[in-house]
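Colleague: Submitted below is the structure of interest, expressed as structure tokens.
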Amino acid sequence: MSRSDSEPDLDLEHERKLASRGMIAWMARNSIAANLLMFMLIGGGIWAAFGVQKEVLPNFELDIVEVSVSYPGAAPSEVEQGILLPVEEAVRGVQGIKEVTSTAREGSGTISVELVAGVERMKVYQDIDQAVSRIRTFPDEIDQPEVRLRSQQREVLLVEVYGEVDPWDLRVLAERLRDTLLAHVAITQVEIRRVPDYVTHVEIPHLKLREYGLTLGRVARIIEESSRDVPAGSVETSGGEILLRLQERKQWAEEFAKVVILTSDEGSVVTLGDLATIRDGFEETGFQGQFNQTPSVGVQVFRVGAESPLEVAAAVEETMATFQTSLPPGVEWRIDNNSAEDYRERLFLLLENGGWAVLIVLGILALFLEIKLAFWVMMGMVISFVGGMVFLPVVGESINMISMFAFLVVLGIVVDDAVVVGENVYEYRQRGMDRMTAAIRGTQDIARPVVFSILTNIIAFVPLLYLPGTTGKFWWPLPAVVIIVLVVSLAEALFILPAHLAHSRERKRTQIGGYLHKLQRGFANGFERFVDRWFGAVLTRCLRNR
């Protein structure tokens, strides 16, 4: 007993009347409209895939304002009392603040102010800036407080330069590498990390101070006053106004050594170099970075604007291939924290899984249905994924690690509606309908459950769109991409797939094609006989004897 023998005959005339009404019927009969929609989705998706922003992690605004204050020489307890508590008290009355977190370190303090989601960031930032500027109880020794909106830095990779060489030479190499990288047209932002700042050390013996009747405070004031640029007004000339400025700023030890500390009545002078040992070096914290127990300097490369992490990484590798020839003996380099490589692996994983999914769906459906029907069902997956790319710029999304993860998540869902529609159309054709009527009625018959199935999946992801705070902004691409692809797959299954199934024509098969078709029909008929004879009998017995 076959499937067609076990089911009642259809009223073909009634079915044809039903197949003449509705949007599904119109799209099925007008294949040009269906093909135009398909080409728009595929063409637009390919264009968007190349033109849309590519980044490692989603880019979004952080609702955090940071207040940083430097307090040289102060202990953490002094930083807390002199900086953190006054700032916390000053910003307490600012509207739009959710949480304040303060950190005291030796010589500096940082206050992180998290804002309430949805507030106007710039207004709250300006209110906090004004509140900090009104504080009058700060110690005199602090630097000017810095208030800023925290922004994301889109790191691509870190180049480590390391070796058993003098730390000064290593820092100079890192600066030269930074300048070389910035000279490449594909690289815009590079920073040196994990290295202390330059400092000129001045060491004066106590006996020298007593010999000349000096104090450290007096020497410090003389050094400060002698190493600053001083504006000296302007001079009006016939050629225009000339600005005068005394450039006395000093940066290196040999310049500080010439600073005059004392002058005698006879005209002899005592310079800082006569009193002190002066040397250029680094902050007392020492070199913070090490690799294989050797000093190391990190050169961090970032992506800016519309730059692609893959393009930036390729530019770094190209630059390093040339730069390494100029490295001195004993100095090597390596790439760490390569987020571009993570991006490349996720992209290849998506393409590989998508390719295998398409082939598996095509192979399995070709065994049970027909090769043409299986092909168009498989194309439904391709159209849904590629077409979903069209709408990424519309919702302000990029191709990043989260959106690619969303494509992987929806990979196993998106094929369901096309398979259900295709199988139902095939069943109507098995009952004796012509291709057009079977395509329309098979789709109309299953349209409502397919729509509700897709809506159920969409509703499951909608709550993720409304996650609050930074977590919600980070994961927002996941539900957005899933919903977009599901909607596109629904439109493809109801309006594009029926037109392709209705207008497909039987062509004369080649000898190989006929042989493959014979094998396919033999497998499909054998499976139907197994279902009718064995599975059906077992199922019936189970239902009667629960």
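Within each chain, counting starts at residue 1; across the structure tokens, chains are named A, B, ... in the order shown, with ligands numbered 1 upward in that order.
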Write out as a PDB file with N, CA, C and O atoms, in the first residue's frame each polymer residue whose atoms come within 10 Å of stretch 32-38 of chain A, counting only C-alpha atoms; drop sequence neighbours fewer than 3 positions from it.
Modeller:
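selection_29.pdb written:
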ATOM      1  N   TRP A  26      -0.267  34.486  -6.318  1.00  0.00           N
ATOM      2  CA  TRP A  26       0.205  35.501  -7.267  1.00  0.00           C
ATOM      3  C   TRP A  26       1.704  35.378  -7.493  1.00  0.00           C
ATOM      4  O   TRP A  26       2.189  35.440  -8.616  1.00  0.00           O
ATOM      5  N   MET A  27       2.480  35.202  -6.402  1.00  0.00           N
ATOM      6  CA  MET A  27       3.931  35.076  -6.531  1.00  0.00           C
ATOM      7  C   MET A  27       4.303  33.797  -7.271  1.00  0.00           C
ATOM      8  O   MET A  27       5.244  33.784  -8.071  1.00  0.00           O
ATOM      9  N   ALA A  28       3.571  32.718  -7.030  1.00  0.00           N
ATOM     10  CA  ALA A  28       3.883  31.460  -7.705  1.00  0.00           C
ATOM     11  C   ALA A  28       3.638  31.564  -9.212  1.00  0.00           C
ATOM     12  O   ALA A  28       4.380  30.981 -10.015  1.00  0.00           O
ATOM     13  N   ARG A  29       2.591  32.286  -9.598  1.00  0.00           N
ATOM     14  CA  ARG A  29       2.261  32.406 -11.027  1.00  0.00           C
ATOM     15  C   ARG A  29       3.131  33.458 -11.719  1.00  0.00           C
ATOM     16  O   ARG A  29       3.258  33.441 -12.941  1.00  0.00           O
ATOM     17  N   LEU A  41      17.849  39.860  -3.020  1.00  0.00           N
ATOM     18  CA  LEU A  41      18.379  39.384  -1.740  1.00  0.00           C
ATOM     19  C   LEU A  41      19.808  38.868  -1.885  1.00  0.00           C
ATOM     20  O   LEU A  41      20.682  39.188  -1.074  1.00  0.00           O
ATOM     21  N   ILE A  42      20.056  38.065  -2.925  1.00  0.00           N
ATOM     22  CA  ILE A  42      21.395  37.508  -3.099  1.00  0.00           C
ATOM     23  C   ILE A  42      22.396  38.601  -3.484  1.00  0.00           C
ATOM     24  O   ILE A  42      23.482  38.708  -2.890  1.00  0.00           O
ATOM     25  N   GLY A  43      22.041  39.428  -4.486  1.00  0.00           N
ATOM     26  CA  GLY A  43      22.943  40.494  -4.899  1.00  0.00           C
ATOM     27  C   GLY A  43      23.194  41.504  -3.796  1.00  0.00           C
ATOM     28  O   GLY A  43      24.336  41.910  -3.547  1.00  0.00           O
ATOM     29  N   GLY A  44      22.108  41.921  -3.120  1.00  0.00           N
ATOM     30  CA  GLY A  44      22.269  42.874  -2.025  1.00  0.00           C
ATOM     31  C   GLY A  44      23.065  42.289  -0.872  1.00  0.00           C
ATOM     32  O   GLY A  44      23.863  42.985  -0.235  1.00  0.00           O
ATOM     33  N   MET A 379      18.540  25.968  -1.725  1.00  0.00           N
ATOM     34  CA  MET A 379      18.734  27.370  -2.087  1.00  0.00           C
ATOM     35  C   MET A 379      18.022  28.293  -1.110  1.00  0.00           C
ATOM     36  O   MET A 379      18.433  29.452  -0.923  1.00  0.00           O
ATOM     37  N   GLY A 380      16.957  27.808  -0.483  1.00  0.00           N
ATOM     38  CA  GLY A 380      16.270  28.610   0.529  1.00  0.00           C
ATOM     39  C   GLY A 380      17.196  28.977   1.676  1.00  0.00           C
ATOM     40  O   GLY A 380      17.157  30.098   2.201  1.00  0.00           O
ATOM     41  N   ILE A 383      19.640  31.676   0.262  1.00  0.00           N
ATOM     42  CA  ILE A 383      18.969  32.971   0.105  1.00  0.00           C
ATOM     43  C   ILE A 383      18.723  33.618   1.462  1.00  0.00           C
ATOM     44  O   ILE A 383      18.897  34.838   1.636  1.00  0.00           O
ATOM     45  N   SER A 384      18.345  32.809   2.454  1.00  0.00           N
ATOM     46  CA  SER A 384      18.060  33.354   3.781  1.00  0.00           C
ATOM     47  C   SER A 384      19.306  33.948   4.418  1.00  0.00           C
ATOM     48  O   SER A 384      19.273  35.050   4.983  1.00  0.00           O
ATOM     49  N   GLY A 387      20.680  36.830   2.038  1.00  0.00           N
ATOM     50  CA  GLY A 387      19.723  37.931   2.081  1.00  0.00           C
ATOM     51  C   GLY A 387      19.691  38.627   3.423  1.00  0.00           C
ATOM     52  O   GLY A 387      19.417  39.834   3.506  1.00  0.00           O
ATOM     53  N   ALA A 491       9.884  34.600   4.299  1.00  0.00           N
ATOM     54  CA  ALA A 491       9.493  35.198   3.021  1.00  0.00           C
ATOM     55  C   ALA A 491       9.942  34.328   1.858  1.00  0.00           C
ATOM     56  O   ALA A 491       9.203  34.157   0.871  1.00  0.00           O
ATOM     57  N   GLU A 492      11.131  33.733   1.952  1.00  0.00           N
ATOM     58  CA  GLU A 492      11.614  32.875   0.876  1.00  0.00           C
ATOM     59  C   GLU A 492      10.752  31.618   0.732  1.00  0.00           C
ATOM     60  O   GLU A 492      10.414  31.211  -0.389  1.00  0.00           O
ATOM     61  N   PHE A 495       7.066  32.808  -0.636  1.00  0.00           N
ATOM     62  CA  PHE A 495       6.887  33.598  -1.851  1.00  0.00           C
ATOM     63  C   PHE A 495       7.876  33.287  -2.967  1.00  0.00           C
ATOM     64  O   PHE A 495       7.574  33.535  -4.133  1.00  0.00           O
ATOM     65  N   ILE A 496       9.052  32.757  -2.640  1.00  0.00           N
ATOM     66  CA  ILE A 496      10.048  32.463  -3.675  1.00  0.00           C
ATOM     67  C   ILE A 496      10.073  30.976  -4.015  1.00  0.00           C
ATOM     68  O   ILE A 496      10.042  30.594  -5.189  1.00  0.00           O
ATOM     69  N   LEU A 497      10.107  30.130  -2.994  1.00  0.00           N
ATOM     70  CA  LEU A 497      10.166  28.683  -3.215  1.00  0.00           C
ATOM     71  C   LEU A 497       8.993  28.149  -4.035  1.00  0.00           C
ATOM     72  O   LEU A 497       9.203  27.351  -4.970  1.00  0.00           O
ATOM     73  N   PRO A 498       7.716  28.528  -3.773  1.00  0.00           N
ATOM     74  CA  PRO A 498       6.601  28.002  -4.589  1.00  0.00           C
ATOM     75  C   PRO A 498       6.746  28.319  -6.075  1.00  0.00           C
ATOM     76  O   PRO A 498       6.390  27.495  -6.922  1.00  0.00           O
ATOM     77  N   ALA A 499       7.259  29.509  -6.403  1.00  0.00           N
ATOM     78  CA  ALA A 499       7.423  29.873  -7.811  1.00  0.00           C
ATOM     79  C   ALA A 499       8.441  28.966  -8.488  1.00  0.00           C
ATOM     80  O   ALA A 499       8.243  28.538  -9.630  1.00  0.00           O
ATOM     81  N   HIS A 500       9.504  28.643  -7.798  1.00  0.00           N
ATOM     82  CA  HIS A 500      10.516  27.759  -8.381  1.00  0.00           C
ATOM     83  C   HIS A 500       9.986  26.338  -8.547  1.00  0.00           C
ATOM     84  O   HIS A 500      10.261  25.676  -9.554  1.00  0.00           O
TER      85      HIS A 500
END
Colleague: Select from stretch 92-226 of chain A everything DSSP, run on the backbone, classes as helix (DSSP H, G or I), then give the selection as a PyMOL selection string.
Modeller: chain A and resi 121-133+167-182+206-212+216-226
Colleague: For the selection you just gave me, I'd like the residues written to a file as a short mmCIF file (atom, residue, chain, number, x, y, z; two decimals), in the first residue's frame, keeping N, CA and C atoms.
Modeller:
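After the write, again-v3.cif holds the following:
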data_model
loop_
_atom_site.label_atom_id
_atom_site.label_comp_id
_atom_site.auth_asym_id
_atom_site.auth_seq_id
_atom_site.Cartn_x
_atom_site.Cartn_y
_atom_site.Cartn_z
N ARG A 121 24.08 60.93 27.62
CA ARG A 121 25.44 60.75 28.11
C ARG A 121 26.20 62.08 28.21
N MET A 122 26.12 62.90 27.18
CA MET A 122 26.89 64.14 27.16
C MET A 122 26.46 65.09 28.26
N LYS A 123 25.16 65.14 28.55
CA LYS A 123 24.68 66.06 29.60
C LYS A 123 25.20 65.62 30.97
N VAL A 124 25.12 64.30 31.25
CA VAL A 124 25.61 63.81 32.54
C VAL A 124 27.12 64.01 32.64
N TYR A 125 27.82 63.78 31.53
CA TYR A 125 29.28 63.99 31.51
C TYR A 125 29.62 65.45 31.84
N GLN A 126 28.90 66.39 31.24
CA GLN A 126 29.16 67.79 31.51
C GLN A 126 28.84 68.15 32.96
N ASP A 127 27.76 67.57 33.51
CA ASP A 127 27.42 67.84 34.91
C ASP A 127 28.51 67.32 35.85
N ILE A 128 29.04 66.13 35.55
CA ILE A 128 30.11 65.57 36.39
C ILE A 128 31.38 66.42 36.27
N ASP A 129 31.69 66.86 35.05
CA ASP A 129 32.87 67.70 34.84
C ASP A 129 32.77 69.00 35.63
N GLN A 130 31.59 69.61 35.61
CA GLN A 130 31.40 70.85 36.35
C GLN A 130 31.46 70.61 37.85
N ALA A 131 30.90 69.47 38.31
CA ALA A 131 30.94 69.17 39.75
C ALA A 131 32.37 68.98 40.22
N VAL A 132 33.21 68.32 39.42
CA VAL A 132 34.61 68.11 39.81
C VAL A 132 35.38 69.43 39.79
N SER A 133 35.09 70.27 38.81
CA SER A 133 35.82 71.55 38.71
C SER A 133 35.48 72.48 39.87
N PRO A 167 67.27 48.30 28.50
CA PRO A 167 65.86 48.75 28.40
C PRO A 167 65.69 50.04 27.60
N TRP A 168 66.69 50.92 27.69
CA TRP A 168 66.60 52.17 26.93
C TRP A 168 66.57 51.87 25.43
N ASP A 169 67.45 50.97 24.98
CA ASP A 169 67.48 50.61 23.56
C ASP A 169 66.19 49.92 23.14
N LEU A 170 65.63 49.12 24.05
CA LEU A 170 64.38 48.43 23.73
C LEU A 170 63.24 49.43 23.57
N ARG A 171 63.20 50.45 24.41
CA ARG A 171 62.17 51.49 24.29
C ARG A 171 62.34 52.26 22.99
N VAL A 172 63.59 52.56 22.63
CA VAL A 172 63.84 53.27 21.37
C VAL A 172 63.40 52.42 20.18
N LEU A 173 63.66 51.12 20.22
CA LEU A 173 63.21 50.22 19.15
C LEU A 173 61.69 50.22 19.03
N ALA A 174 61.01 50.18 20.20
CA ALA A 174 59.55 50.18 20.19
C ALA A 174 58.99 51.46 19.58
N GLU A 175 59.61 52.59 19.87
CA GLU A 175 59.16 53.85 19.30
C GLU A 175 59.39 53.88 17.79
N ARG A 176 60.52 53.33 17.37
CA ARG A 176 60.79 53.27 15.92
C ARG A 176 59.79 52.35 15.23
N LEU A 177 59.45 51.23 15.88
CA LEU A 177 58.45 50.32 15.31
C LEU A 177 57.08 51.00 15.23
N ARG A 178 56.73 51.75 16.26
CA ARG A 178 55.46 52.48 16.25
C ARG A 178 55.39 53.43 15.07
N ASP A 179 56.44 54.19 14.85
CA ASP A 179 56.45 55.14 13.74
C ASP A 179 56.40 54.41 12.39
N THR A 180 57.07 53.26 12.30
CA THR A 180 57.05 52.49 11.06
C THR A 180 55.66 51.95 10.76
N LEU A 181 54.99 51.45 11.79
CA LEU A 181 53.63 50.93 11.60
C LEU A 181 52.67 52.05 11.21
N LEU A 182 52.79 53.21 11.84
CA LEU A 182 51.90 54.32 11.52
C LEU A 182 52.12 54.86 10.11
N HIS A 206 73.97 65.25 50.16
CA HIS A 206 73.62 66.18 51.23
C HIS A 206 74.77 67.14 51.52
N LEU A 207 75.99 66.65 51.42
CA LEU A 207 77.14 67.51 51.70
C LEU A 207 77.25 68.66 50.70
N LYS A 208 76.91 68.41 49.46
CA LYS A 208 76.93 69.47 48.45
C LYS A 208 75.93 70.57 48.78
N LEU A 209 74.75 70.15 49.24
CA LEU A 209 73.74 71.14 49.61
C LEU A 209 74.24 72.01 50.77
N ARG A 210 74.87 71.39 51.78
CA ARG A 210 75.37 72.16 52.92
C ARG A 210 76.53 73.06 52.51
N GLU A 211 77.34 72.58 51.58
CA GLU A 211 78.51 73.37 51.14
C GLU A 211 78.08 74.68 50.50
N TYR A 212 77.00 74.66 49.74
CA TYR A 212 76.53 75.87 49.04
C TYR A 212 75.33 76.52 49.72
N LEU A 216 66.84 71.18 49.07
CA LEU A 216 66.26 70.48 47.92
C LEU A 216 65.08 71.26 47.34
N GLY A 217 64.28 71.87 48.20
CA GLY A 217 63.15 72.65 47.72
C GLY A 217 63.56 73.81 46.85
N ARG A 218 64.63 74.50 47.27
CA ARG A 218 65.10 75.64 46.47
C ARG A 218 65.65 75.18 45.12
N VAL A 219 66.43 74.08 45.14
CA VAL A 219 66.96 73.57 43.88
C VAL A 219 65.82 73.14 42.95
N ALA A 220 64.78 72.50 43.54
CA ALA A 220 63.65 72.05 42.72
C ALA A 220 62.94 73.23 42.07
N ARG A 221 62.78 74.35 42.82
CA ARG A 221 62.11 75.52 42.25
C ARG A 221 62.95 76.13 41.14
N ILE A 222 64.26 76.14 41.32
CA ILE A 222 65.12 76.70 40.28
C ILE A 222 65.04 75.86 39.00
N ILE A 223 65.06 74.54 39.18
CA ILE A 223 64.96 73.65 38.02
C ILE A 223 63.62 73.86 37.31
N GLU A 224 62.54 73.98 38.10
CA GLU A 224 61.22 74.15 37.50
C GLU A 224 61.12 75.46 36.74
N GLU A 225 61.65 76.55 37.35
CA GLU A 225 61.55 77.85 36.71
C GLU A 225 62.47 77.97 35.49
N SER A 226 63.52 77.17 35.46
CA SER A 226 64.49 77.26 34.36
C SER A 226 64.19 76.30 33.22
#
Colleague: Just the strand (DSSP E) stuff from stretch 273-383 of chain A, please, per backbone DSSP, written as a list in words.
Modeller: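 Taking stretch 273-383 of chain A and keeping strand (DSSP E) only, one gets Thr277, Ile278, Arg279, Asp280, Gly281, Phe282, Gln290, Phe291, Thr294, Pro295, Ser296, Val297, Gly298, Val299, Gln300, Val301, Phe302, Arg303, Val331, Glu332, Trp333, Arg334, Ile335 and Asp336 of chain A.
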Colleague: May I have the residues from that selection written out with C-alpha atoms, as a PDB file, in the first residue's frame?
Modeller:
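Done, and the output landed in result_3.pdb:
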ATOM      1  CA  THR A 277      74.587  63.312  39.290  1.00  0.00           C
ATOM      2  CA  ILE A 278      72.126  63.583  36.400  1.00  0.00           C
ATOM      3  CA  ARG A 279      71.063  60.679  34.206  1.00  0.00           C
ATOM      4  CA  ASP A 280      68.217  59.834  31.859  1.00  0.00           C
ATOM      5  CA  GLY A 281      66.177  56.762  32.738  1.00  0.00           C
ATOM      6  CA  PHE A 282      62.702  55.512  33.496  1.00  0.00           C
ATOM      7  CA  GLN A 290      58.878  40.434  30.450  1.00  0.00           C
ATOM      8  CA  PHE A 291      58.901  37.482  28.078  1.00  0.00           C
ATOM      9  CA  THR A 294      63.820  39.097  29.354  1.00  0.00           C
ATOM     10  CA  PRO A 295      62.651  42.747  29.147  1.00  0.00           C
ATOM     11  CA  SER A 296      59.735  43.185  26.768  1.00  0.00           C
ATOM     12  CA  VAL A 297      57.867  46.139  25.272  1.00  0.00           C
ATOM     13  CA  GLY A 298      54.387  45.828  23.792  1.00  0.00           C
ATOM     14  CA  VAL A 299      53.328  47.734  20.686  1.00  0.00           C
ATOM     15  CA  GLN A 300      49.535  47.637  20.511  1.00  0.00           C
ATOM     16  CA  VAL A 301      47.769  48.074  17.163  1.00  0.00           C
ATOM     17  CA  PHE A 302      44.135  49.205  16.984  1.00  0.00           C
ATOM     18  CA  ARG A 303      41.434  49.377  14.353  1.00  0.00           C
ATOM     19  CA  VAL A 331      66.164  41.159  19.907  1.00  0.00           C
ATOM     20  CA  GLU A 332      63.148  39.224  18.634  1.00  0.00           C
ATOM     21  CA  TRP A 333      59.451  39.856  18.146  1.00  0.00           C
ATOM     22  CA  ARG A 334      56.207  37.922  18.337  1.00  0.00           C
ATOM     23  CA  ILE A 335      52.489  38.643  17.958  1.00  0.00           C
ATOM     24  CA  ASP A 336      50.177  38.179  20.968  1.00  0.00           C
TER      25      ASP A 336
END
Colleague: For A:Leu501, please output as an MDAnalysis selection string all residues within 12 Å (counting only C-alpha atoms; exclusion window: fewer than 4 positions along the same chain).
Modeller: chainID A and resid 27:29 31 34 370:377 379:380 418 421:426 428:429 434:443 493:497 505:506
Colleague: With only C-alpha atoms as the basis for distance, which of A:Val259, A:Met23, A:Leu367, A:Leu362 is at the shortest distance from A:Leu519?
Modeller: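 Once distances to A:Leu519 are computed over only C-alpha atoms, the minimum belongs to A:Leu367.
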Colleague: Taking only C-alpha atoms into account, name the residue in A:Ala104, A:Ala480, A:Val65, A:Ile83 that is nearest to A:Ile142.
Modeller: A:Ile83
Colleague: Near A:Glu80, counting only C-alpha atoms, which residues have an atom at most 9 Å away, once you skip same-chain residues fewer than 3 positions from it, shown as a PyMOL selection string?
Modeller: chain A and resi 75-77+83-86+102-105+109
Colleague: If you count only C-alpha atoms, which residues fall within 7 Å of A:Lys54, apart from same-chain ones fewer than 4 positions away, as a list in words?
Modeller: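 These residues fall inside the cut-off: Ser308, Ser398, Ile399 and Asn400 of chain A.
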Colleague: Out of A:Phe368, A:Ile187, A:Val312, A:Ile64, which residue has the shortest atom-to-atom distance to A:Glu528 when counting only C-alpha atoms?
Modeller: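 So, comparing all the options, the nearest one is A:Phe368.
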